[in-house]
Every structure is written in C-alpha cells, then in structure tokens.
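Q: One structure, as structure tokens, below. Some questions next.
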Amino acid sequence: MDIYKTVTIMLVEDDLGDQKLIKMSLKEQRIANMPVVASSAEEALEYLEKNKMEDHDDALPDLILLDLNMPGMGGKEFLRQMKADPVFGAIPVVILTTSDSDKDILESFKLHAAGYIKKPVNLTDFQEVMQTLTDYWFTICRRVTHEPDRQISKCINS
C-alpha cells in the first residue's frame with residue numbers, strides 16, 4: 001500500500017521549466033499535495049503574509065525550496081525578510097539553485113538557510129536529489145506545526 005506524505009511545500013522559482021521538473025519529481029516522491037508555486041520572491045512573501053492569519057484556509061509551508069537568482073527581489077533578500085519574521089523564521093528553507101559559488105553558499109547559511117543544493121542538470125540526477133530531499137525532510141526529520149502557540153507549548157512541555 002502506498003503512503004502519500006501530506007505536506008505543504010512552497011517552491012519559489014521563476015523558471016517555468018524548473019517548476020515543471022520539480023513538481024514532476026515531487027509527484028514521484030508520493031507527496032500528496034502539489035507544491036505552492038510562487039514565480040517571484042515578492043509573490044512568495046505575499047502568500048506567506050496572507051496565510052499568517054489563523055483564519056486562513058491555506059497552511060503555511062512545511063518546507064520552502066528557493067531559487068536564488070530571480071528578477072526583482074532575489075532569493076537572499078527573500079530569505080532575509082522571511083527569517084526576520086517570528087512566524088516564518090522556523091520554516092526550513094532549502095536553496096535549490098544553479099549557483100555553486102562559495103559566496104552564495106556562505107551567505108545563504110548566514111541567512112539561516114537549512115540547506116543548499118545545486119540544481120542537477122539531467123533528469124535522473126534531479127529526481128535522485130528530490131528523493132533524498134523529501135526523504136530527509138519528511139521521513140527522517142521531526143516536524144512540528146506552524147501554529148506559534150502550539151509550537152511554544154510543545155517546546156516548554158518537552
């Protein structure tokens with residue numbers, strides 16, 4: 001019997017081809033929900049702000065996959081603003097980008113990225129990376145709700 005993982009992933013990616021490839025790879029990993037796709041950092045911040053309210057139906061993401069190189073606000077500025085917000089700060093962000101620059105890697109980790117992955121160039125390698133990523137974040141890692149009051153009480157009562 002197949003077990004589908006019900007998680008909310010936000011993909012912040014401006015390239016339509018990469019969006020399609022990532023969505024296809026996630027579907028193969030038995031992720032029940034298709035990712036929430038934001039084509040720009042500005043659109044992603046708007047989505048997060050809108051869903052910050054408790055009475056909103058959409059869940060905050062369990063994981064954000066972020067491209068660094070986008071027009072307008074880049075990935076690093078998105079990460080800086082997102083991590084400065086106490087509600088969003090605990091959401092893990094994995095950089096998924098074409099850059100393998102040491103400077104980009106170090107700056108991303110200084111901005112509290114949870115991981116940094118250079119996008120593979122072929123489909124098979126891309127699917128393997130996505131499998132490893134989803135296995136780690138949704139099978140091995142322990143997750144908690146994004147409801148701040150429940151998070152705080154779990155931490156205090158642990």
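Chain labels follow the order of the structure tokens: the first chain is A, the next B, and so on; residue numbering restarts at 1 in every chain, and ligands are counted from 1 in their shown order.
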Run DSSP on the backbone of this structure and report the residues of chain A it assigns to alpha helix (DSSP H), as a PyMOL selection string.
A: chain A and resi 16-28+41-51+75-84+102-110+123-135+148-157
Q: Please report as JSON lines every residue of segment 93-143 of chain A lying within 10 Å of segment 12-23 of chain A, along with the nearest atom pair and their distance in Å (one decimal), using only C-alpha atoms.
A:
```
{"residue": "A:Ile95", "atom": "CA", "partner": "A:Val12", "partner_atom": "CA", "distance": 9.6}
{"residue": "A:Leu96", "atom": "CA", "partner": "A:Glu13", "partner_atom": "CA", "distance": 8.9}
{"residue": "A:Thr97", "atom": "CA", "partner": "A:Glu13", "partner_atom": "CA", "distance": 9.1}
{"residue": "A:Lys119", "atom": "CA", "partner": "A:Asp18", "partner_atom": "CA", "distance": 9.2}
{"residue": "A:Leu123", "atom": "CA", "partner": "A:Leu21", "partner_atom": "CA", "distance": 7.9}
{"residue": "A:Phe126", "atom": "CA", "partner": "A:Ile22", "partner_atom": "CA", "distance": 8.2}
{"residue": "A:Gln127", "atom": "CA", "partner": "A:Ile22", "partner_atom": "CA", "distance": 8.3}
{"residue": "A:Met130", "atom": "CA", "partner": "A:Ile22", "partner_atom": "CA", "distance": 7.7}
```
Q: How would the residues just picked look written out with C-alpha atoms as a PDB file, in the first residue's frame?
A:
```
ATOM      1  CA  ILE A  95      18.212  26.743  -1.580  1.00  0.00           C
ATOM      2  CA  LEU A  96      17.797  24.993  -4.937  1.00  0.00           C
ATOM      3  CA  THR A  97      19.749  26.981  -7.479  1.00  0.00           C
ATOM      4  CA  LYS A 119      20.343  22.044  -9.350  1.00  0.00           C
ATOM      5  CA  LEU A 123      16.535  14.458 -15.134  1.00  0.00           C
ATOM      6  CA  PHE A 126      17.377  15.785 -10.393  1.00  0.00           C
ATOM      7  CA  GLN A 127      14.933  13.052  -9.381  1.00  0.00           C
ATOM      8  CA  MET A 130      14.453  15.352  -4.884  1.00  0.00           C
TER       9      MET A 130
END
```
Q: Could you list, as a PDB file with C-alpha atoms, in the first residue's frame, every residue within 9 Å of segment 43-51 of chain A, counting only C-alpha atoms and ignoring same-chain residues fewer than 2 positions away?
A:
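This went into part-v5.pdb:
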```pdb
ATOM      1  CA  MET A  10       6.402  26.151  -1.364  1.00  0.00           C
ATOM      2  CA  LEU A  11       8.504  26.454  -4.480  1.00  0.00           C
ATOM      3  CA  VAL A  12       9.892  29.923  -5.144  1.00  0.00           C
ATOM      4  CA  VAL A  37       4.405  27.791  -6.596  1.00  0.00           C
ATOM      5  CA  ALA A  38       5.463  31.415  -6.409  1.00  0.00           C
ATOM      6  CA  SER A  39       7.143  32.769  -9.527  1.00  0.00           C
ATOM      7  CA  SER A  40       8.863  35.562  -7.602  1.00  0.00           C
ATOM      8  CA  ALA A  41      10.108  36.317  -4.111  1.00  0.00           C
ATOM      9  CA  MET A  53      -3.620  34.775   9.776  1.00  0.00           C
ATOM     10  CA  GLU A  54      -5.124  31.889  11.768  1.00  0.00           C
ATOM     11  CA  ASP A  55      -8.472  32.151   9.993  1.00  0.00           C
ATOM     12  CA  HIS A  56      -6.964  31.497   6.566  1.00  0.00           C
ATOM     13  CA  ASP A  57      -7.591  28.081   4.981  1.00  0.00           C
ATOM     14  CA  ASP A  58      -4.168  27.526   3.372  1.00  0.00           C
ATOM     15  CA  ALA A  59      -1.402  26.151   5.558  1.00  0.00           C
ATOM     16  CA  LEU A  60       1.998  27.700   5.936  1.00  0.00           C
ATOM     17  CA  PRO A  61       4.607  25.617   4.137  1.00  0.00           C
ATOM     18  CA  PHE A  78      13.541  36.935   0.415  1.00  0.00           C
ATOM     19  CA  GLN A  81      12.936  39.149   5.166  1.00  0.00           C
ATOM     20  CA  MET A  82      11.281  35.800   5.761  1.00  0.00           C
ATOM     21  CA  PHE A  88       8.068  32.297   9.372  1.00  0.00           C
TER      22      PHE A  88
END
```
Q: Chain A: which residues are strand (DSSP E or B) by DSSP, as number ranges by chain?
A: A: 5, 9-12, 31, 36-38, 63-66, 93-97, 115-118
Q: For the selection you just gave me, I'd like the residues written to a file as a PDB file, in the first residue's frame, keeping C-alpha atoms.
A:
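The resulting part31.pdb:
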```pdb
ATOM      1  CA  LYS A   5       3.005  12.207   2.557  1.00  0.00           C
ATOM      2  CA  ILE A   9       5.946  22.680   0.053  1.00  0.00           C
ATOM      3  CA  MET A  10       6.402  26.151  -1.364  1.00  0.00           C
ATOM      4  CA  LEU A  11       8.504  26.454  -4.480  1.00  0.00           C
ATOM      5  CA  VAL A  12       9.892  29.923  -5.144  1.00  0.00           C
ATOM      6  CA  ILE A  31       3.933  13.911  -1.933  1.00  0.00           C
ATOM      7  CA  VAL A  36       2.502  26.012  -3.837  1.00  0.00           C
ATOM      8  CA  VAL A  37       4.405  27.791  -6.596  1.00  0.00           C
ATOM      9  CA  ALA A  38       5.463  31.415  -6.409  1.00  0.00           C
ATOM     10  CA  LEU A  63       9.411  23.465   3.563  1.00  0.00           C
ATOM     11  CA  ILE A  64      10.377  26.177   1.099  1.00  0.00           C
ATOM     12  CA  LEU A  65      12.513  25.422  -1.944  1.00  0.00           C
ATOM     13  CA  LEU A  66      14.101  28.692  -3.035  1.00  0.00           C
ATOM     14  CA  VAL A  93      14.307  26.905   3.506  1.00  0.00           C
ATOM     15  CA  VAL A  94      16.440  24.845   1.162  1.00  0.00           C
ATOM     16  CA  ILE A  95      18.212  26.743  -1.580  1.00  0.00           C
ATOM     17  CA  LEU A  96      17.797  24.993  -4.937  1.00  0.00           C
ATOM     18  CA  THR A  97      19.749  26.981  -7.479  1.00  0.00           C
ATOM     19  CA  GLY A 115      20.362  23.528   3.105  1.00  0.00           C
ATOM     20  CA  TYR A 116      21.924  24.401  -0.220  1.00  0.00           C
ATOM     21  CA  ILE A 117      21.586  22.270  -3.348  1.00  0.00           C
ATOM     22  CA  LYS A 118      22.976  22.986  -6.782  1.00  0.00           C
TER      23      LYS A 118
END
```
Q: Measuring between only C-alpha atoms, which one of A:Asp100, A:Ile91, A:Ile105, A:Glu42 shows the shortest distance to Glu77 of chain A?
A: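 Between A:Asp100, A:Ile91, A:Ile105, A:Glu42, the residue approaching Glu77 of chain A most closely is A:Glu42.
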Q: Atom CA of Ser108 of chain A and atom CA of Lys76 of chain A are how many Å apart?
A: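 We find that atom CA of Ser108 of chain A and atom CA of Lys76 of chain A lie 6.6 Å from each other.
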